[in-house]
>>> print(open('input-v7.cif').read())   # mmCIF, C-alpha atoms
data_model
loop_
_atom_site.label_atom_id
_atom_site.label_comp_id
_atom_site.auth_asym_id
_atom_site.auth_seq_id
_atom_site.Cartn_x
_atom_site.Cartn_y
_atom_site.Cartn_z
CA MET A 260 98.02 117.95 98.08
CA LEU A 261 99.27 115.46 95.51
CA ASP A 262 97.75 112.03 95.02
CA LEU A 263 100.68 109.83 94.03
CA ILE A 264 98.44 106.94 92.96
CA GLN A 265 96.49 109.12 90.52
CA ILE A 266 99.73 110.66 89.22
CA GLY A 267 101.12 107.17 88.69
CA LYS A 268 98.04 106.15 86.72
CA LYS A 269 98.35 109.30 84.61
CA LEU A 270 102.04 108.64 83.92
CA THR A 271 101.24 105.06 82.88
CA GLU A 272 98.43 106.23 80.60
CA LEU A 273 100.62 108.87 78.93
CA ARG A 274 103.51 106.42 78.45
CA GLN A 275 101.24 103.79 76.92
CA THR A 276 99.67 106.39 74.61
CA LYS A 277 103.16 107.01 73.19
CA GLU A 278 103.62 103.21 72.98
CA PHE A 279 106.72 103.31 75.19
CA THR A 280 107.71 100.53 77.54
CA GLN A 281 109.03 101.47 80.94
CA ASP A 282 112.51 100.55 79.67
CA ASP A 283 112.12 102.82 76.62
CA LEU A 284 111.09 105.76 78.78
CA ALA A 285 113.83 105.09 81.33
CA GLU A 286 116.45 105.00 78.59
CA THR A 287 115.36 108.30 77.02
CA MET A 288 115.30 109.99 80.45
CA TYR A 289 118.56 108.46 81.72
CA VAL A 290 116.88 106.92 84.75
CA SER A 291 116.41 103.31 85.78
CA HIS A 292 113.33 101.34 84.80
CA GLN A 293 112.82 100.84 88.56
CA ALA A 294 112.44 104.63 88.95
CA VAL A 295 109.79 104.70 86.22
CA SER A 296 108.04 101.76 87.87
CA LYS A 297 108.01 103.56 91.25
CA TRP A 298 106.50 106.67 89.64
CA GLU A 299 103.78 104.63 87.96
CA ARG A 300 102.94 102.69 91.12
CA GLY A 301 102.60 105.93 93.09
CA LEU A 302 105.57 105.22 95.34
CA ALA A 303 107.64 108.22 94.24
CA LEU A 304 107.49 111.35 92.12
CA PRO A 305 109.85 112.30 89.30
CA SER A 306 112.28 115.12 90.06
CA ILE A 307 111.45 118.62 88.84
CA ASP A 308 113.79 118.15 85.88
CA ASN A 309 112.12 114.87 85.00
CA LEU A 310 108.65 116.41 85.37
CA CYS A 311 109.68 119.13 82.91
CA TYR A 312 110.98 116.49 80.51
CA LEU A 313 107.73 114.49 80.78
CA MET A 314 105.62 117.63 80.21
CA ASP A 315 107.56 118.29 77.03
CA LEU A 316 107.55 114.66 75.90
CA TYR A 317 103.80 114.21 76.39
CA SER A 318 102.82 117.82 75.53
CA VAL A 319 100.86 118.27 78.77
CA SER A 320 100.77 120.93 81.46
CA LEU A 321 102.12 120.41 84.94
CA GLU A 322 98.54 120.55 86.26
CA GLU A 323 97.52 117.72 83.96
CA LEU A 324 100.64 115.67 84.71
CA LEU A 325 100.14 115.99 88.47
CA CYS A 326 96.35 115.53 88.23
CA LEU A 327 95.75 118.88 89.93
CA ASP A 328 92.60 119.50 87.91
CA VAL A 329 90.98 116.13 88.65
CA LYS A 330 87.84 115.97 90.82
CA ILE A 331 87.51 112.97 93.07
CA GLU A 332 84.63 110.65 92.20
CA THR A 333 82.80 108.98 95.07
CA ASP A 334 81.13 105.89 93.68
CA SER A 335 81.94 103.77 96.71
CA LEU A 336 83.79 104.54 99.91
CA ASP A 337 85.88 101.38 99.60
CA ASP A 338 86.87 102.23 96.01
CA LEU A 339 87.74 105.73 97.10
CA PHE A 340 90.28 104.49 99.65
CA HIS A 341 91.51 101.78 97.29
CA ASN A 342 92.16 104.12 94.36
CA HIS A 343 93.72 107.04 96.22
CA GLN A 344 96.20 107.58 99.02
CA ARG A 345 94.38 107.67 102.34
CA GLU A 346 96.10 110.87 103.51
CA PHE A 347 95.10 112.59 100.28
CA ILE A 348 91.45 111.53 100.67
CA ILE A 349 91.34 112.69 104.29
CA HIS A 350 92.86 116.04 103.33
CA GLU A 351 90.40 116.59 100.50
CA VAL A 352 87.35 115.49 102.52
CA VAL A 353 88.23 117.72 105.50
CA LEU A 354 88.65 120.71 103.19
CA ASN A 355 85.30 119.91 101.49
CA ARG A 356 86.80 119.17 98.09
CA VAL A 357 84.99 115.87 97.58
CA GLU A 358 81.40 116.19 96.42
CA LYS A 359 78.75 114.51 98.58
CA LEU A 360 81.27 113.31 101.17
CA LYS A 361 81.88 114.72 104.64
CA LEU A 362 84.29 113.79 107.39
CA THR A 363 81.39 112.28 109.32
CA ASP A 364 80.95 109.78 106.45
CA ILE A 365 84.49 108.42 106.72
CA ILE A 366 85.58 108.99 110.34
CA HIS A 367 84.67 105.41 111.30
CA LYS A 368 87.00 104.05 108.59
CA LEU A 369 90.04 105.94 109.86
CA SER A 370 92.80 104.70 112.12
CA GLU A 371 93.62 106.61 115.30
CA SER A 372 96.49 108.47 113.64
CA GLU A 373 94.36 109.28 110.58
CA ARG A 374 91.61 110.65 112.84
CA LYS A 375 94.16 112.88 114.58
CA TYR A 376 95.44 114.06 111.21
CA ALA A 377 91.88 114.96 110.18
CA LEU A 378 91.24 116.81 113.44
CA TYR A 379 94.49 118.77 113.15
CA LEU A 380 93.50 119.75 109.61
CA LEU A 381 90.13 120.94 110.90
CA MET A 382 91.75 122.96 113.67
CA ASP A 383 94.59 124.35 111.53
CA HIS A 384 92.04 125.69 109.05
CA ASN A 385 89.67 126.82 111.83
CA LEU A 386 86.83 124.78 110.36
CA GLU A 387 83.71 124.23 112.45
CA ILE A 388 83.14 120.84 114.03
CA SER A 389 79.63 119.74 113.21
CA GLU A 390 77.01 118.49 115.63
CA ILE A 391 77.11 115.21 113.75
CA LEU A 392 80.89 114.80 114.14
CA TRP A 393 81.27 115.71 117.84
CA PRO A 394 79.49 112.61 119.26
CA ARG A 395 81.55 110.36 116.98
CA LEU A 396 84.81 111.57 118.49
CA SER A 397 86.53 109.75 121.33
CA LEU A 398 86.93 111.50 124.68
CA GLU A 399 90.65 111.89 123.94
CA GLU A 400 89.90 113.55 120.59
CA ARG A 401 87.37 115.86 122.21
CA GLN A 402 89.90 116.81 124.90
CA LEU A 403 92.46 117.58 122.19
CA ILE A 404 90.02 119.98 120.53
CA ILE A 405 89.10 121.64 123.83
CA HIS A 406 92.77 122.09 124.80
CA LYS A 407 93.62 123.58 121.39
CA HIS A 408 90.64 125.91 121.75
CA LEU A 409 91.66 127.00 125.25
CA ASP A 410 95.26 127.56 124.12
CA GLY A 411 93.99 129.86 121.36
CA ASN A 412 95.12 127.51 118.60
CA TYR A 413 91.59 126.67 117.47
CA LEU A 414 89.46 129.75 117.05
CA CYS A 415 86.04 128.30 116.29
CA ASN A 416 83.18 128.77 118.72
CA LEU A 417 82.47 125.54 120.57
CA LYS A 418 79.36 126.88 122.33
CA SER A 419 77.16 125.49 119.58
CA LEU A 420 78.25 122.01 120.73
CA TRP A 421 77.60 122.48 124.46
CA HIS A 422 74.38 120.50 124.34
CA LEU A 423 76.46 117.53 123.13
CA MET A 424 79.31 117.92 125.62
CA THR A 425 79.80 116.25 128.95
CA TYR A 426 79.53 118.24 132.16
CA ASN A 427 83.33 118.15 132.59
CA GLU A 428 83.94 119.41 129.04
CA ILE A 429 81.65 122.39 129.58
CA LYS A 430 83.18 123.05 133.00
CA LYS A 431 86.68 123.09 131.51
CA LEU A 432 85.60 125.57 128.82
CA LYS A 433 83.92 127.84 131.38
CA GLU A 434 86.86 127.75 133.84
CA LYS A 435 89.34 129.11 131.34
CA LYS A 436 87.29 132.24 130.68
#
>>> encode(input="input-v7.cif", output="structure tokens")
Amino acid sequence: MLDLIQIGKKLTELRQTKEFTQDDLAETMYVSHQAVSKWERGLALPSIDNLCYLMDLYSVSLEELLCLDVKIETDSLDDLFHNHQREFIIHEVVLNRVEKLKLTDIIHKLSESERKYALYLLMDHNLEISEILWPRLSLEERQLIIHKHLDGNYLCNLKSLWHLMTYNEIKKLKEKK
């Protein structure tokens, strides 16, 4: 997943290294200075043609230009969400790509829709739900997981969480078998 904010910072850094203004770059690429500004603020990405032009202009690889090789630093949780797109952070945390940070560490900072996004990522990748995470989920979120499991769309074994489940949750899981 791409982090538009980090890509924007990288584009700004590369442009400034060449001592170009946004207008200079826009003129050489035949785009508006507003387009360059949107790229650098992380609001949009250059087209494939423009990415190729930028790779050539700055003598960098696509991986470097799109910050695909960058590890996420976790100095502070607030800085993490401030310096990166929230969806990107959630994606990377759920897939265990952020050192020393688990979903249980950030779940309380997520909106309802972000929590659902995180849970769908967990289920789509058939990742185990930890004993620490289960009690932090709302009843609605727990029901979503149970329904996905019963429908065969979430293949992980939920039996390891039975001691944390309500009587009705266990009953629902047992009935379906």
>>> closest_atom_pairs(input="input-v7.cif", of="range 290-389 of chain A", to="range 418-423 of chain A", cutoff="12 Å", atoms="all atoms listed in the file", output="CSV")
residue,atom,partner,partner_atom,distance
A:Glu387,CA,A:Ser419,CA,9.8
A:Ile388,CA,A:Leu420,CA,8.4
A:Ser389,CA,A:Leu420,CA,8.0
>>> residues_near_point(input="input-v7.cif", point="(92.2, 105.7, 117.6)", cutoff="10 Å", atoms="only C-alpha atoms", output="mmCIF file with C-alpha atoms, in the coordinates of the input")
data_model
loop_
_atom_site.group_PDB
_atom_site.id
_atom_site.type_symbol
_atom_site.label_atom_id
_atom_site.label_comp_id
_atom_site.auth_asym_id
_atom_site.auth_seq_id
_atom_site.Cartn_x
_atom_site.Cartn_y
_atom_site.Cartn_z
ATOM 1 C CA HIS A 367 84.670 105.410 111.300
ATOM 2 C CA LEU A 369 90.040 105.940 109.860
ATOM 3 C CA SER A 370 92.800 104.700 112.120
ATOM 4 C CA GLU A 371 93.620 106.610 115.300
ATOM 5 C CA SER A 372 96.490 108.470 113.640
ATOM 6 C CA GLU A 373 94.360 109.280 110.580
ATOM 7 C CA ARG A 374 91.610 110.650 112.840
ATOM 8 C CA LYS A 375 94.160 112.880 114.580
ATOM 9 C CA LEU A 396 84.810 111.570 118.490
ATOM 10 C CA SER A 397 86.530 109.750 121.330
ATOM 11 C CA GLU A 399 90.650 111.890 123.940
ATOM 12 C CA GLU A 400 89.900 113.550 120.590
#
>>> atom_distance(input="input-v7.cif", atom1="CA of His408 in chain A", atom2="CA of Asn385 in chain A")
10.0 Å
>>> resolve_selection(input="input-v7.cif", expression="the PyMOL selection byres ((chain A and resi 268) around 10)", output="VMD selection string")
chain A and resid 263 to 267 269 to 274 298 to 301 326 342
>>> atom_distance(input="input-v7.cif", atom1="CA of His384 in chain A", atom2="CA of Ile349 in chain A")
13.9 Å
>>> closest_residue(input="input-v7.cif", among="A:Leu316, A:Leu362, A:Ile348, A:Leu310", to="Lys277 in chain A", atoms="all atoms listed in the file")
A:Leu316
>>> atom_distance(input="input-v7.cif", atom1="CA of Lys407 in chain A", atom2="CA of Asp364 in chain A")
24.0 Å
>>> closest_residue(input="input-v7.cif", among="A:Leu386, A:Val290, A:Ile307, A:Leu392", to="Lys361 in chain A", atoms="only C-alpha atoms")
A:Leu392
>>> residues_around(input="input-v7.cif", residues="Lys431 in chain A", least_positions_apart="2", cutoff="10 Å", atoms="all atoms listed in the file", output="PyMOL selection string")
chain A and resi 402+405-406+409+426-429+433-436
>>> closest_residue(input="input-v7.cif", among="A:Ile404, A:Leu313, A:Lys359, A:Leu304", to="Leu381 in chain A", atoms="all atoms listed in the file")
A:Ile404
>>> closest_residue(input="input-v7.cif", among="A:Asn412, A:Ser291, A:Asn355, A:Thr280", to="Asp383 in chain A", atoms="all atoms listed in the file")
A:Asn412
>>> decode(input="input-v7.cif", residues="range 342-383 of chain A", atoms="N, CA and C atoms", output="compact mmCIF listing (two decimals), in the first residue's frame")
# COMPACT_ATOMS: atom_id res chain seq x y z
N ASN A 342 2.03 11.85 10.63
CA ASN A 342 2.98 11.85 9.52
C ASN A 342 2.66 10.85 8.41
N HIS A 343 1.62 10.07 8.57
CA HIS A 343 1.26 9.07 7.56
C HIS A 343 -0.25 9.04 7.41
N GLN A 344 -0.71 8.55 6.27
CA GLN A 344 -2.15 8.37 6.09
C GLN A 344 -2.64 7.30 7.05
N ARG A 345 -3.77 7.53 7.65
CA ARG A 345 -4.31 6.61 8.65
C ARG A 345 -4.56 5.22 8.05
N GLU A 346 -5.15 5.17 6.87
CA GLU A 346 -5.43 3.87 6.24
C GLU A 346 -4.14 3.09 6.00
N PHE A 347 -3.10 3.79 5.60
CA PHE A 347 -1.80 3.15 5.38
C PHE A 347 -1.27 2.56 6.69
N ILE A 348 -1.33 3.33 7.77
CA ILE A 348 -0.84 2.86 9.07
C ILE A 348 -1.62 1.64 9.52
N ILE A 349 -2.93 1.70 9.42
CA ILE A 349 -3.76 0.56 9.82
C ILE A 349 -3.38 -0.68 9.03
N HIS A 350 -3.25 -0.52 7.73
CA HIS A 350 -2.88 -1.64 6.85
C HIS A 350 -1.55 -2.25 7.29
N GLU A 351 -0.56 -1.41 7.50
CA GLU A 351 0.77 -1.89 7.85
C GLU A 351 0.80 -2.53 9.24
N VAL A 352 0.07 -1.96 10.19
CA VAL A 352 0.03 -2.52 11.55
C VAL A 352 -0.65 -3.89 11.54
N VAL A 353 -1.79 -3.99 10.86
CA VAL A 353 -2.52 -5.26 10.82
C VAL A 353 -1.66 -6.36 10.21
N LEU A 354 -0.90 -6.01 9.18
CA LEU A 354 -0.06 -7.01 8.51
C LEU A 354 1.31 -7.16 9.18
N ASN A 355 1.47 -6.59 10.38
CA ASN A 355 2.69 -6.72 11.19
C ASN A 355 3.93 -6.16 10.50
N ARG A 356 3.79 -5.05 9.83
CA ARG A 356 4.93 -4.44 9.13
C ARG A 356 5.50 -3.24 9.87
N VAL A 357 4.97 -2.97 11.06
CA VAL A 357 5.47 -1.87 11.87
C VAL A 357 6.08 -2.49 13.13
N GLU A 358 7.38 -2.25 13.30
CA GLU A 358 8.06 -2.83 14.46
C GLU A 358 7.47 -2.31 15.76
N LYS A 359 7.34 -3.19 16.72
CA LYS A 359 6.93 -2.86 18.09
C LYS A 359 5.52 -2.26 18.19
N LEU A 360 4.68 -2.49 17.19
CA LEU A 360 3.33 -1.93 17.23
C LEU A 360 2.34 -2.97 16.74
N LYS A 361 1.33 -3.21 17.54
CA LYS A 361 0.29 -4.19 17.22
C LYS A 361 -1.05 -3.48 17.12
N LEU A 362 -2.01 -4.15 16.52
CA LEU A 362 -3.35 -3.59 16.39
C LEU A 362 -3.93 -3.24 17.75
N THR A 363 -3.63 -4.05 18.75
CA THR A 363 -4.15 -3.77 20.10
C THR A 363 -3.63 -2.44 20.65
N ASP A 364 -2.49 -1.97 20.14
CA ASP A 364 -1.92 -0.70 20.60
C ASP A 364 -2.65 0.52 20.02
N ILE A 365 -3.30 0.33 18.87
CA ILE A 365 -3.91 1.48 18.20
C ILE A 365 -5.43 1.40 18.09
N ILE A 366 -6.02 0.26 18.40
CA ILE A 366 -7.46 0.07 18.17
C ILE A 366 -8.30 1.15 18.83
N HIS A 367 -7.88 1.62 19.99
CA HIS A 367 -8.64 2.66 20.71
C HIS A 367 -8.58 4.02 20.03
N LYS A 368 -7.63 4.21 19.12
CA LYS A 368 -7.49 5.49 18.42
C LYS A 368 -8.24 5.51 17.09
N LEU A 369 -8.88 4.40 16.74
CA LEU A 369 -9.51 4.28 15.43
C LEU A 369 -11.00 4.61 15.49
N SER A 370 -11.48 5.19 14.40
CA SER A 370 -12.92 5.44 14.28
C SER A 370 -13.61 4.11 14.00
N GLU A 371 -14.92 4.12 14.04
CA GLU A 371 -15.69 2.89 13.79
C GLU A 371 -15.38 2.31 12.41
N SER A 372 -15.33 3.15 11.40
CA SER A 372 -15.05 2.65 10.05
C SER A 372 -13.61 2.15 9.92
N GLU A 373 -12.67 2.80 10.62
CA GLU A 373 -11.28 2.34 10.59
C GLU A 373 -11.14 1.00 11.30
N ARG A 374 -11.89 0.81 12.37
CA ARG A 374 -11.86 -0.47 13.10
C ARG A 374 -12.39 -1.58 12.19
N LYS A 375 -13.48 -1.29 11.47
CA LYS A 375 -14.02 -2.29 10.54
C LYS A 375 -13.01 -2.61 9.45
N TYR A 376 -12.36 -1.59 8.93
CA TYR A 376 -11.34 -1.80 7.91
C TYR A 376 -10.25 -2.73 8.44
N ALA A 377 -9.80 -2.48 9.66
CA ALA A 377 -8.76 -3.32 10.28
C ALA A 377 -9.24 -4.75 10.45
N LEU A 378 -10.47 -4.92 10.89
CA LEU A 378 -11.01 -6.28 11.09
C LEU A 378 -11.16 -7.01 9.76
N TYR A 379 -11.61 -6.31 8.73
CA TYR A 379 -11.71 -6.95 7.41
C TYR A 379 -10.34 -7.35 6.89
N LEU A 380 -9.33 -6.52 7.14
CA LEU A 380 -7.97 -6.90 6.76
C LEU A 380 -7.53 -8.17 7.48
N LEU A 381 -7.79 -8.22 8.77
CA LEU A 381 -7.46 -9.42 9.56
C LEU A 381 -8.14 -10.65 8.97
N MET A 382 -9.43 -10.52 8.70
CA MET A 382 -10.19 -11.67 8.21
C MET A 382 -9.80 -12.04 6.78
N ASP A 383 -9.58 -11.05 5.93
CA ASP A 383 -9.20 -11.33 4.54
C ASP A 383 -7.87 -12.06 4.45
